[in-house]
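Undergrad: Encoded as structure tokens, here's the structure I'll be asking about.
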Amino acid sequence: MREIARIVRFSRSLWRYYLGISVFTILLAGMSQLQPLFTKGAIDQITNGLGHGHTDVKLVGLFAVLIFVTDVAQTIFSNIAGYIGDMMSAKLQKDFSLRYYEHLLELPQSYFDTELTGKIVNRMSRGINQIGDFMQMLSNNFLQFIFSTVFSLIIVAYYSWQVALMLFLLYPIFILFTAKSSKTWQNYQTEINNDKDIAGGRFNEAIGQVRVVKSFVQELAELRFFSKRFTSVVKTTSPQSKFWHRQDIYRRLVLNTIFLGVFFYIFVETANGHFSLGTMVLLIQYAMLIRIPIFTISFLVDQTQRVISNTRDYFGVMDIEAEITDKPDAEKLHVKNGLISFEDVQFAYNETPVLSNLSFTVEPDSKVALVGESGEGKTTITSLLLRLYEPQSGSIRIDGQNINDVSQSSLREAIGVVFQEPALFSGTIRENIAYSNPKASSESIIEAAKSANADEFVSKLDKGYDTEIGERGLKLSGGQKQRIAIARAFLKNAPILILDEATSSLDSKSEQMVQEGLKRLMKGRSTLIIAHRLSTIQHVDKIVTIQGGTINEIGSPEELAASGGIYAQLLKLQQAHTNTGKNKLKKFDISS
């Protein structure tokens with residue numbers, strides 16, 4: 001029940017809603033208890049009149065009116081409580097969703113490296129929807145059930161403690177049976193959730209890369225994978241459902257037997273003259289008031305078990321601590337010159353060494369290219385600079401300031417990034433360019449687009465900068481997406497630039513447009529480049545080649561061309577124009 005306690009604790013800010021629901025629930029419970037009393041009064045008046053020849057018709061009529069009043073009150077109170085419950089559920093889902101999203105954004109890059117996007121989304125939607133449904137059920141049904149039961153038992157005990165005792169025994173017996181079956185049910189549910197998460201994760205991947213699926217004619221394979229997981233869900237649901245309903249039969253048979261004793265006792269005592277006809281009807285009505293909710297406890301228990309099982313993954317994510325946090329006294333990064341220095345940096349990913357004794361500098365207003373085979377840690381170096389990861393030892397400094405001592409927000413505000421794959425969002429071109437500076441004016445956005453050679457094609461579109469580009473910019477060509485990404489970096493106007501150059505897959509005209517935009521973007525900035533073309537590397541100020549996770553050589557293009565090292569070998573491979581040379585270049589992520 002730890003999860004239930006956490007749900008209540010997480011939602012304590014909604015105490016006003018809980019209070020409002022409690023008040024109307026108590027009123028509802030009170031109204032439901034009055035009707036049997038009024039019915040008893042009417043029956044006793046009528047039977048007394050039949051026996052003695054006189055019935056107080058006005059009093060009987062008054063009881064009918066009172067029953068009507070309680071009916072109307074229940075109608076009003078239940079709907080008010082229902083409205084409050086609906087609003088509470090909506091606000092609760094909002095609060096839990098925001099907390100989950102906020103926490104996810106604080107988690108390190110390493111968490112997302114090992115998790116499927118679909119699984120992350122499924123955990124949120126499943127957990128939060130279940131929490132909302134559970135709290136709505138708890139507020140609209142469970143509290144009323146509790147109060148109604150307590151009031152009913154008190155009134156029944158006033159007329160017959162024997163009947164009250166038998167009705168009271170229903171609860172510990174039911175709870176005992178349920179507790180024994182709960183763990184088994186939840187184990188089944190964990191298996192079901194795992195299969196759904198895997199299926200959902202693959203579904204998101206396949207839909208997000210549907211062009212790849214179609215081009216390799218893998219529609220049937222993806223469908224089979226999806227079907228296999230949900231077939232497993234069906235197989236697991238079968239024993240889970242059989243187990244639950246078999247246990248429910250046992251519970252209900254015990255309850256049926258107890259109610260047999262209750263009704264038998266009431267009927268016999270009435271026949272023996274110990275209860276009046278009105279008292280008999282009253283006890284039967286209260287027994288039914290208790291009988292109806294006790295038989296619906298199966299639903300309440302089922303919902304409770306589901307929320308416990310389905311929120312474990314949600315709270316599991318919430319329990320993951322953010323590995324990278326700002327120091328309490330973290331200051332804002334101030335970039336005056338833009339001198340970047342890596343000093344004896346060592347980094348391992350999941351205990352696998354990636355970088356060792358890495359030391360180099362990026363001088364102000366200079367361009368430094370990282371060269372190395374795929375997997376040697378080039379992208380890791382840029383991620384360390386952004387502090388998406390943290391090195392195990394050594395330091396990274398900007399103008400002498402250790403990036404671990406400054407706030408993450410100020411660090412990343414000082415760094416512009418152009419990724420190899422232009423990361424665009426659904427929305428308009430204007431919104432995507434302004435993503436780096438949402439408060440930017442239209443004039444600034446257009447100026448950034450012109451600097452990136454993007455205005456040339458944007459101005460020809462029917463809706464211009466208000467054109468919707470689709471998910472991840474699918475409505476745009478590769479060159480157009482790259483230029484928007486460059487415009488976004490222009491608008492940010494950060495003194496430091498990370499450039500994961502991606503022009504190898506573009507046609508010559510698009511490549512030229514993108515290269516012109518990149519040249520303008522790099523001017524006056526300290527730039528760290530993961531280059532994908534030797535033509536780009538030849539125009540940088542410094543080249544850093546990496547081999548085996550360590551620096552192999554550092555120098556200008558002219559110096560390294562004559563050194564006989566990695567860069568010189570790459571130049572020879574490009575000049576050879578052989579298939580072997582092309583394959584070797586590909587290992588370095590270099591297009592020939």
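Ordering of the structure tokens sets the chain letters (A, B, ...), residue numbers begin anew at 1 in every chain, and ligands are numbered from 1 in the order given.
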At a cut-off of 9 Å, using only C-alpha atoms, what residues contact stretch 359-363 of chain A? Leave out same-chain residues fewer than 2 positions from it and give the result as a PyMOL selection string.
TA: chain A and resi 337-345+357+365-368+526-528+542+544+550-551+554
Undergrad: Convert the current residue selection to file output with N, CA and C atoms, as an mmCIF file, in the first residue's frame.
TA:
data_model
loop_
_atom_site.group_PDB
_atom_site.id
_atom_site.type_symbol
_atom_site.label_atom_id
_atom_site.label_comp_id
_atom_site.auth_asym_id
_atom_site.auth_seq_id
_atom_site.Cartn_x
_atom_site.Cartn_y
_atom_site.Cartn_z
ATOM 1 N N ASN A 337 35.786 35.591 -23.479
ATOM 2 C CA ASN A 337 36.583 35.304 -24.674
ATOM 3 C C ASN A 337 36.131 34.041 -25.393
ATOM 4 N N GLY A 338 35.734 33.033 -24.621
ATOM 5 C CA GLY A 338 35.311 31.772 -25.221
ATOM 6 C C GLY A 338 36.423 30.747 -25.300
ATOM 7 N N LEU A 339 37.391 30.802 -24.370
ATOM 8 C CA LEU A 339 38.466 29.824 -24.327
ATOM 9 C C LEU A 339 37.960 28.546 -23.652
ATOM 10 N N ILE A 340 37.995 27.432 -24.387
ATOM 11 C CA ILE A 340 37.521 26.145 -23.857
ATOM 12 C C ILE A 340 38.733 25.250 -23.641
ATOM 13 N N SER A 341 38.821 24.647 -22.456
ATOM 14 C CA SER A 341 39.956 23.755 -22.184
ATOM 15 C C SER A 341 39.478 22.467 -21.536
ATOM 16 N N PHE A 342 39.893 21.340 -22.125
ATOM 17 C CA PHE A 342 39.689 20.014 -21.549
ATOM 18 C C PHE A 342 40.999 19.625 -20.865
ATOM 19 N N GLU A 343 40.922 19.298 -19.585
ATOM 20 C CA GLU A 343 42.136 19.034 -18.811
ATOM 21 C C GLU A 343 42.088 17.641 -18.183
ATOM 22 N N ASP A 344 42.858 16.710 -18.755
ATOM 23 C CA ASP A 344 42.971 15.333 -18.238
ATOM 24 C C ASP A 344 41.601 14.688 -17.999
ATOM 25 N N VAL A 345 40.699 14.850 -18.947
ATOM 26 C CA VAL A 345 39.336 14.328 -18.792
ATOM 27 C C VAL A 345 39.314 12.813 -19.013
ATOM 28 N N ASN A 357 42.576 10.609 -20.307
ATOM 29 C CA ASN A 357 43.610 11.655 -20.317
ATOM 30 C C ASN A 357 43.451 12.616 -21.493
ATOM 31 N N ASP A 365 37.426 32.406 -30.819
ATOM 32 C CA ASP A 365 37.219 32.684 -32.245
ATOM 33 C C ASP A 365 38.053 31.751 -33.127
ATOM 34 N N SER A 366 38.030 30.466 -32.775
ATOM 35 C CA SER A 366 38.754 29.484 -33.588
ATOM 36 C C SER A 366 37.870 28.276 -33.841
ATOM 37 N N LYS A 367 38.286 27.465 -34.807
ATOM 38 C CA LYS A 367 37.528 26.264 -35.163
ATOM 39 C C LYS A 367 38.407 25.045 -34.923
ATOM 40 N N VAL A 368 37.900 24.118 -34.117
ATOM 41 C CA VAL A 368 38.625 22.885 -33.816
ATOM 42 C C VAL A 368 37.783 21.704 -34.278
ATOM 43 N N SER A 526 33.814 30.475 -30.768
ATOM 44 C CA SER A 526 34.673 29.327 -30.487
ATOM 45 C C SER A 526 33.883 28.088 -30.887
ATOM 46 N N THR A 527 34.379 27.370 -31.895
ATOM 47 C CA THR A 527 33.594 26.304 -32.511
ATOM 48 C C THR A 527 34.285 24.952 -32.383
ATOM 49 N N LEU A 528 33.520 23.980 -31.912
ATOM 50 C CA LEU A 528 33.983 22.594 -31.824
ATOM 51 C C LEU A 528 33.191 21.801 -32.862
ATOM 52 N N LYS A 542 42.450 24.031 -35.993
ATOM 53 C CA LYS A 542 43.135 22.939 -35.299
ATOM 54 C C LYS A 542 42.353 21.647 -35.490
ATOM 55 N N VAL A 544 41.977 17.726 -33.881
ATOM 56 C CA VAL A 544 42.278 16.814 -32.773
ATOM 57 C C VAL A 544 41.850 15.415 -33.221
ATOM 58 N N THR A 550 41.902 8.157 -26.630
ATOM 59 C CA THR A 550 42.901 9.154 -26.255
ATOM 60 C C THR A 550 43.271 9.986 -27.491
ATOM 61 N N ILE A 551 43.900 11.121 -27.243
ATOM 62 C CA ILE A 551 44.293 11.991 -28.347
ATOM 63 C C ILE A 551 45.520 11.407 -29.048
ATOM 64 N N ILE A 554 47.473 16.476 -32.358
ATOM 65 C CA ILE A 554 46.838 17.789 -32.389
ATOM 66 C C ILE A 554 47.691 18.706 -33.262
#
Undergrad: Which parts of stretch 219-351 of chain A does DSSP call alpha helix (DSSP H) when run on the backbone here, written out as a PyMOL selection string?
TA: chain A and resi 219-271+277-295+297-310+312-318
Undergrad: Find the spatial neighbours of A:Ser409, counting only C-alpha atoms, within a cut-off of 10 Å - ignore same-chain residues fewer than 3 positions away - and output them as a PyMOL selection string.
TA: chain A and resi 326+332-333+386+406+412-414
Undergrad: Based on the selection just made, write N, CA and C atoms of those residues as a PDB file, in the first residue's frame.
TA:
ATOM      1  N   ASP A 326      23.071  21.116 -10.062  1.00  0.00           N
ATOM      2  CA  ASP A 326      23.839  22.328  -9.772  1.00  0.00           C
ATOM      3  C   ASP A 326      24.276  22.328  -8.308  1.00  0.00           C
ATOM      4  N   LYS A 332      26.515  31.896 -12.247  1.00  0.00           N
ATOM      5  CA  LYS A 332      26.206  31.971 -13.673  1.00  0.00           C
ATOM      6  C   LYS A 332      27.504  32.037 -14.470  1.00  0.00           C
ATOM      7  N   LEU A 333      27.554  31.292 -15.565  1.00  0.00           N
ATOM      8  CA  LEU A 333      28.733  31.308 -16.416  1.00  0.00           C
ATOM      9  C   LEU A 333      28.823  32.647 -17.154  1.00  0.00           C
ATOM     10  N   LEU A 386      28.525  20.141 -22.904  1.00  0.00           N
ATOM     11  CA  LEU A 386      27.167  20.585 -22.575  1.00  0.00           C
ATOM     12  C   LEU A 386      26.739  20.120 -21.183  1.00  0.00           C
ATOM     13  N   VAL A 406      29.309  26.068 -12.331  1.00  0.00           N
ATOM     14  CA  VAL A 406      28.326  27.046 -12.799  1.00  0.00           C
ATOM     15  C   VAL A 406      26.987  26.357 -13.022  1.00  0.00           C
ATOM     16  N   ARG A 412      24.472  26.108 -20.829  1.00  0.00           N
ATOM     17  CA  ARG A 412      23.858  25.745 -22.103  1.00  0.00           C
ATOM     18  C   ARG A 412      23.337  26.959 -22.859  1.00  0.00           C
ATOM     19  N   GLU A 413      23.047  28.034 -22.120  1.00  0.00           N
ATOM     20  CA  GLU A 413      22.669  29.275 -22.802  1.00  0.00           C
ATOM     21  C   GLU A 413      23.839  29.856 -23.572  1.00  0.00           C
ATOM     22  N   ALA A 414      25.053  29.515 -23.149  1.00  0.00           N
ATOM     23  CA  ALA A 414      26.252  30.066 -23.786  1.00  0.00           C
ATOM     24  C   ALA A 414      26.733  29.210 -24.952  1.00  0.00           C
TER      25      ALA A 414
END
Undergrad: Wanna dump the stretch 391-455 of chain A-stretch 472-484 of chain A contacts at 9 Å for me, each residue with its shortest atom pair and the distance in Å to one decimal, counting only C-alpha atoms, ordered by chain and number, as JSON lines?
TA:
{"residue": "A:Val418", "atom": "CA", "partner": "A:Gln482", "partner_atom": "CA", "distance": 8.3}
{"residue": "A:Phe419", "atom": "CA", "partner": "A:Gln482", "partner_atom": "CA", "distance": 8.8}
{"residue": "A:Gln420", "atom": "CA", "partner": "A:Gln482", "partner_atom": "CA", "distance": 8.6}
{"residue": "A:Glu421", "atom": "CA", "partner": "A:Gln482", "partner_atom": "CA", "distance": 7.9}
{"residue": "A:Pro422", "atom": "CA", "partner": "A:Gln482", "partner_atom": "CA", "distance": 5.6}
{"residue": "A:Ala423", "atom": "CA", "partner": "A:Arg472", "partner_atom": "CA", "distance": 6.6}
{"residue": "A:Leu424", "atom": "CA", "partner": "A:Arg472", "partner_atom": "CA", "distance": 4.8}
{"residue": "A:Phe425", "atom": "CA", "partner": "A:Arg472", "partner_atom": "CA", "distance": 5.0}
{"residue": "A:Ser426", "atom": "CA", "partner": "A:Arg472", "partner_atom": "CA", "distance": 5.9}
{"residue": "A:Gly427", "atom": "CA", "partner": "A:Gly473", "partner_atom": "CA", "distance": 8.5}
{"residue": "A:Ile429", "atom": "CA", "partner": "A:Ile484", "partner_atom": "CA", "distance": 7.5}
{"residue": "A:Asn432", "atom": "CA", "partner": "A:Ile484", "partner_atom": "CA", "distance": 7.4}
{"residue": "A:Ile433", "atom": "CA", "partner": "A:Ile484", "partner_atom": "CA", "distance": 6.2}
{"residue": "A:Ala449", "atom": "CA", "partner": "A:Ile484", "partner_atom": "CA", "distance": 6.9}
{"residue": "A:Ala452", "atom": "CA", "partner": "A:Arg483", "partner_atom": "CA", "distance": 5.5}
{"residue": "A:Asn453", "atom": "CA", "partner": "A:Arg483", "partner_atom": "CA", "distance": 6.5}
{"residue": "A:Ala454", "atom": "CA", "partner": "A:Arg483", "partner_atom": "CA", "distance": 5.3}
Undergrad: If we count only C-alpha atoms, what is near stretch 98-102 of chain A at a cut-off of 12 Å, once residues fewer than 5 positions away on the same chain are taken out, given as a PDB file with N, CA and C atoms, in the first residue's frame?
TA:
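New file out_19.pdb:
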ATOM      1  N   PHE A  10       1.436  12.903  -2.604  1.00  0.00           N
ATOM      2  CA  PHE A  10       1.720  13.709  -3.783  1.00  0.00           C
ATOM      3  C   PHE A  10       0.579  14.683  -4.088  1.00  0.00           C
ATOM      4  N   SER A  11      -0.629  14.288  -3.699  1.00  0.00           N
ATOM      5  CA  SER A  11      -1.797  15.100  -4.063  1.00  0.00           C
ATOM      6  C   SER A  11      -2.352  15.893  -2.881  1.00  0.00           C
ATOM      7  N   LYS A  91      -7.254  17.830 -12.138  1.00  0.00           N
ATOM      8  CA  LYS A  91      -6.128  18.561 -11.571  1.00  0.00           C
ATOM      9  C   LYS A  91      -5.030  17.612 -11.102  1.00  0.00           C
ATOM     10  N   LEU A  92      -5.451  16.461 -10.583  1.00  0.00           N
ATOM     11  CA  LEU A  92      -4.480  15.474 -10.133  1.00  0.00           C
ATOM     12  C   LEU A  92      -3.664  14.953 -11.311  1.00  0.00           C
ATOM     13  N   GLN A  93      -4.340  14.651 -12.426  1.00  0.00           N
ATOM     14  CA  GLN A  93      -3.629  14.178 -13.612  1.00  0.00           C
ATOM     15  C   GLN A  93      -2.660  15.248 -14.121  1.00  0.00           C
ATOM     16  N   LEU A 107      16.601  14.388 -15.568  1.00  0.00           N
ATOM     17  CA  LEU A 107      17.405  13.166 -15.576  1.00  0.00           C
ATOM     18  C   LEU A 107      18.551  13.280 -16.572  1.00  0.00           C
ATOM     19  N   ILE A 120       8.763   5.152 -21.917  1.00  0.00           N
ATOM     20  CA  ILE A 120       8.686   6.325 -21.037  1.00  0.00           C
ATOM     21  C   ILE A 120       7.289   6.931 -21.085  1.00  0.00           C
ATOM     22  N   VAL A 121       6.730   7.045 -22.295  1.00  0.00           N
ATOM     23  CA  VAL A 121       5.394   7.617 -22.468  1.00  0.00           C
ATOM     24  C   VAL A 121       4.336   6.700 -21.869  1.00  0.00           C
ATOM     25  N   ARG A 123       4.573   4.577 -19.425  1.00  0.00           N
ATOM     26  CA  ARG A 123       4.605   4.609 -17.964  1.00  0.00           C
ATOM     27  C   ARG A 123       3.859   5.822 -17.429  1.00  0.00           C
ATOM     28  N   MET A 124       4.018   6.942 -18.116  1.00  0.00           N
ATOM     29  CA  MET A 124       3.320   8.140 -17.671  1.00  0.00           C
ATOM     30  C   MET A 124       1.820   8.004 -17.879  1.00  0.00           C
ATOM     31  N   SER A 125       1.414   7.641 -19.095  1.00  0.00           N
ATOM     32  CA  SER A 125      -0.017   7.596 -19.408  1.00  0.00           C
ATOM     33  C   SER A 125      -0.727   6.525 -18.580  1.00  0.00           C
ATOM     34  N   GLY A 127       0.280   5.090 -15.670  1.00  0.00           N
ATOM     35  CA  GLY A 127       0.290   5.405 -14.244  1.00  0.00           C
ATOM     36  C   GLY A 127      -0.637   6.549 -13.886  1.00  0.00           C
ATOM     37  N   ILE A 128      -0.579   7.625 -14.665  1.00  0.00           N
ATOM     38  CA  ILE A 128      -1.351   8.822 -14.325  1.00  0.00           C
ATOM     39  C   ILE A 128      -2.838   8.607 -14.588  1.00  0.00           C
ATOM     40  N   THR A 311       1.277   1.966 -11.009  1.00  0.00           N
ATOM     41  CA  THR A 311       2.022   3.172 -10.630  1.00  0.00           C
ATOM     42  C   THR A 311       3.437   2.851 -10.152  1.00  0.00           C
ATOM     43  N   ASP A 313       5.892   1.618 -11.903  1.00  0.00           N
ATOM     44  CA  ASP A 313       6.833   2.122 -12.900  1.00  0.00           C
ATOM     45  C   ASP A 313       6.912   3.648 -12.847  1.00  0.00           C
ATOM     46  N   TYR A 314       5.754   4.282 -12.638  1.00  0.00           N
ATOM     47  CA  TYR A 314       5.718   5.750 -12.539  1.00  0.00           C
ATOM     48  C   TYR A 314       6.594   6.219 -11.378  1.00  0.00           C
ATOM     49  N   PHE A 315       6.361   5.638 -10.202  1.00  0.00           N
ATOM     50  CA  PHE A 315       7.145   6.050  -9.037  1.00  0.00           C
ATOM     51  C   PHE A 315       8.586   5.561  -9.141  1.00  0.00           C
ATOM     52  N   GLY A 316       8.795   4.465  -9.890  1.00  0.00           N
ATOM     53  CA  GLY A 316      10.161   4.005 -10.124  1.00  0.00           C
ATOM     54  C   GLY A 316      10.973   5.055 -10.854  1.00  0.00           C
ATOM     55  N   VAL A 317      10.346   5.708 -11.849  1.00  0.00           N
ATOM     56  CA  VAL A 317      11.024   6.793 -12.565  1.00  0.00           C
ATOM     57  C   VAL A 317      11.210   7.994 -11.644  1.00  0.00           C
ATOM     58  N   MET A 318      10.186   8.310 -10.855  1.00  0.00           N
ATOM     59  CA  MET A 318      10.271   9.457  -9.956  1.00  0.00           C
ATOM     60  C   MET A 318      11.352   9.268  -8.893  1.00  0.00           C
ATOM     61  N   ASP A 319      11.688   8.006  -8.588  1.00  0.00           N
ATOM     62  CA  ASP A 319      12.701   7.719  -7.562  1.00  0.00           C
ATOM     63  C   ASP A 319      14.130   7.792  -8.104  1.00  0.00           C
ATOM     64  N   ILE A 320      14.257   7.863  -9.446  1.00  0.00           N
ATOM     65  CA  ILE A 320      15.599   7.979 -10.029  1.00  0.00           C
ATOM     66  C   ILE A 320      16.144   9.376  -9.736  1.00  0.00           C
ATOM     67  N   ALA A 322      18.513  12.608 -10.092  1.00  0.00           N
ATOM     68  CA  ALA A 322      19.248  13.313 -11.143  1.00  0.00           C
ATOM     69  C   ALA A 322      20.730  13.293 -10.789  1.00  0.00           C
TER      70      ALA A 322
END
Undergrad: Closest to A:Lys584 among A:Glu558, A:Glu115, A:Asp56, A:Glu373, using only C-alpha atoms?
TA: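 Among the listed residues, the smallest separation from A:Lys584 belongs to A:Glu373.
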Undergrad: To one decimal place in Å, what is the distance between atom CA of A:Gln569 and atom CA of A:Leu355?
TA: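 Answer for the atom CA of A:Gln569 to atom CA of A:Leu355 separation: 22.5 Å.
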Undergrad: One decimal, in Å: what's the spacing between atom CA of A:Ile529 and atom CA of A:Leu370?
TA: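 Between these atoms lies a distance of 6.1 Å.
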Undergrad: Tell me, in Å to one decimal, how far atom CA of A:Lys378 is from atom CA of A:Ile530.
TA: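 Computed distance, atom CA of A:Lys378 to atom CA of A:Ile530, equals 6.8 Å.
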Undergrad: Extract, using only C-alpha atoms, all DNA, RNA and protein residues at most 8 Å from A:Leu34, discarding same-chain residues fewer than 4 positions from it, and format them as a ChimeraX atom specification.
TA: /A:30,38,67,70
Undergrad: With distances taken over only C-alpha atoms, which of A:Phe267, A:Ile537, A:Leu411, A:Gln240 is nearest to A:Ala330?
TA: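 Looking at the shortest contact to A:Ala330, the residue is A:Leu411.
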Undergrad: Excluding A:Lys242 and any residue of its chain fewer than 5 positions from it, enumerate the residues within 12 Å of it, using only C-alpha atoms, and give them as a list in words.
TA: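 Result of the neighbour search: Ser181, Thr184, Trp185, Tyr188, Lys235, Thr236, Thr237, Gln247, Asp248 and Ile249 of chain A.
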Undergrad: Write the residues you've just listed into a file as an mmCIF file, in the first residue's frame, and include C-alpha atoms for each of them.
TA:
data_model
loop_
_atom_site.group_PDB
_atom_site.id
_atom_site.type_symbol
_atom_site.label_atom_id
_atom_site.label_comp_id
_atom_site.auth_asym_id
_atom_site.auth_seq_id
_atom_site.Cartn_x
_atom_site.Cartn_y
_atom_site.Cartn_z
ATOM 1 C CA SER A 181 -4.956 -13.040 -3.627
ATOM 2 C CA THR A 184 -0.493 -13.061 -7.217
ATOM 3 C CA TRP A 185 -2.743 -10.734 -9.228
ATOM 4 C CA TYR A 188 0.489 -11.126 -13.420
ATOM 5 C CA LYS A 235 -2.070 -15.265 -22.513
ATOM 6 C CA THR A 236 -1.152 -13.651 -19.191
ATOM 7 C CA THR A 237 -4.593 -12.081 -18.786
ATOM 8 C CA GLN A 247 -11.181 -16.046 -5.671
ATOM 9 C CA ASP A 248 -14.192 -13.778 -6.088
ATOM 10 C CA ILE A 249 -16.500 -16.819 -6.173
#
Undergrad: Show me, as an MDAnalysis selection string, the residues that have an atom within 10 Å of A:Ala199 when counting only C-alpha atoms, minus same-chain residues fewer than 3 positions from it.
TA: chainID A and resid 118:119 122 193:196 202:205 222 225:230
Undergrad: In stretch 491-581 of chain A, what's strand (DSSP E or B) per DSSP? Answer as a list in words?
TA: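 Going through stretch 491-581 of chain A, the strand (DSSP E or B) residues come out as Ile496, Leu497, Ile498, Leu499, Asp500, Ser526, Thr527, Leu528, Ile529, Ile530, Arg533, Lys542, Ile543, Val544, Thr545, Ile546, Gln547, Thr550, Ile551, Asn552, Glu553, Ile554 and Gly555 of chain A.
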Undergrad: Please produce a file of those selected residues containing N, CA and C atoms, as a compact mmCIF listing (two decimals), in the first residue's frame.
TA:
# COMPACT_ATOMS: atom_id res chain seq x y z
N ILE A 496 29.72 30.28 -27.98
CA ILE A 496 30.36 28.99 -28.22
C ILE A 496 29.44 28.16 -29.11
N LEU A 497 30.03 27.43 -30.05
CA LEU A 497 29.23 26.67 -30.99
C LEU A 497 29.73 25.22 -31.07
N ILE A 498 28.78 24.28 -30.99
CA ILE A 498 29.07 22.88 -31.26
C ILE A 498 28.41 22.55 -32.59
N LEU A 499 29.21 22.04 -33.51
CA LEU A 499 28.72 21.80 -34.86
C LEU A 499 28.96 20.35 -35.24
N ASP A 500 27.88 19.58 -35.25
CA ASP A 500 27.97 18.20 -35.74
C ASP A 500 27.58 18.26 -37.21
N SER A 526 33.81 30.47 -30.77
CA SER A 526 34.67 29.33 -30.49
C SER A 526 33.88 28.09 -30.89
N THR A 527 34.38 27.37 -31.90
CA THR A 527 33.59 26.30 -32.51
C THR A 527 34.28 24.95 -32.38
N LEU A 528 33.52 23.98 -31.91
CA LEU A 528 33.98 22.59 -31.82
C LEU A 528 33.19 21.80 -32.86
N ILE A 529 33.91 21.18 -33.81
CA ILE A 529 33.26 20.56 -34.97
C ILE A 529 33.51 19.06 -35.00
N ILE A 530 32.43 18.32 -35.18
CA ILE A 530 32.56 16.91 -35.58
C ILE A 530 32.34 16.92 -37.08
N ARG A 533 33.20 15.91 -43.60
CA ARG A 533 33.82 16.09 -44.91
C ARG A 533 35.25 16.60 -44.71
N LYS A 542 42.45 24.03 -35.99
CA LYS A 542 43.13 22.94 -35.30
C LYS A 542 42.35 21.65 -35.49
N ILE A 543 43.10 20.55 -35.61
CA ILE A 543 42.49 19.23 -35.70
C ILE A 543 42.93 18.41 -34.50
N VAL A 544 41.98 17.73 -33.88
CA VAL A 544 42.28 16.81 -32.77
C VAL A 544 41.85 15.42 -33.22
N THR A 545 42.81 14.52 -33.40
CA THR A 545 42.46 13.15 -33.80
C THR A 545 42.44 12.26 -32.57
N ILE A 546 41.46 11.38 -32.51
CA ILE A 546 41.25 10.52 -31.35
C ILE A 546 41.35 9.07 -31.77
N GLN A 547 42.07 8.30 -30.99
CA GLN A 547 42.22 6.87 -31.27
C GLN A 547 42.30 6.13 -29.94
N THR A 550 41.90 8.16 -26.63
CA THR A 550 42.90 9.15 -26.25
C THR A 550 43.27 9.99 -27.49
N ILE A 551 43.90 11.12 -27.24
CA ILE A 551 44.29 11.99 -28.35
C ILE A 551 45.52 11.41 -29.05
N ASN A 552 45.41 11.28 -30.35
CA ASN A 552 46.51 10.74 -31.16
C ASN A 552 47.44 11.85 -31.63
N GLU A 553 46.85 12.96 -32.07
CA GLU A 553 47.66 14.09 -32.53
C GLU A 553 46.82 15.36 -32.51
N ILE A 554 47.47 16.48 -32.36
CA ILE A 554 46.84 17.79 -32.39
C ILE A 554 47.69 18.71 -33.26
N GLY A 555 47.05 19.47 -34.11
CA GLY A 555 47.80 20.41 -34.93
C GLY A 555 46.93 21.02 -35.99
Undergrad: Between A:Gln130, A:Ser182, A:Thr25, A:Gln45, which has the minimum distance to A:Val57 (counting only C-alpha atoms)?
TA: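 The shortest atom-to-atom distance to A:Val57 comes from A:Gln45.
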Undergrad: I need the residue nearest A:Gln189 from this list: A:Ile290, A:Val150, A:Ile207, A:Val307. Use only C-alpha atoms for the distance.
TA: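 Among the listed residues, the smallest separation from A:Gln189 belongs to A:Val307.
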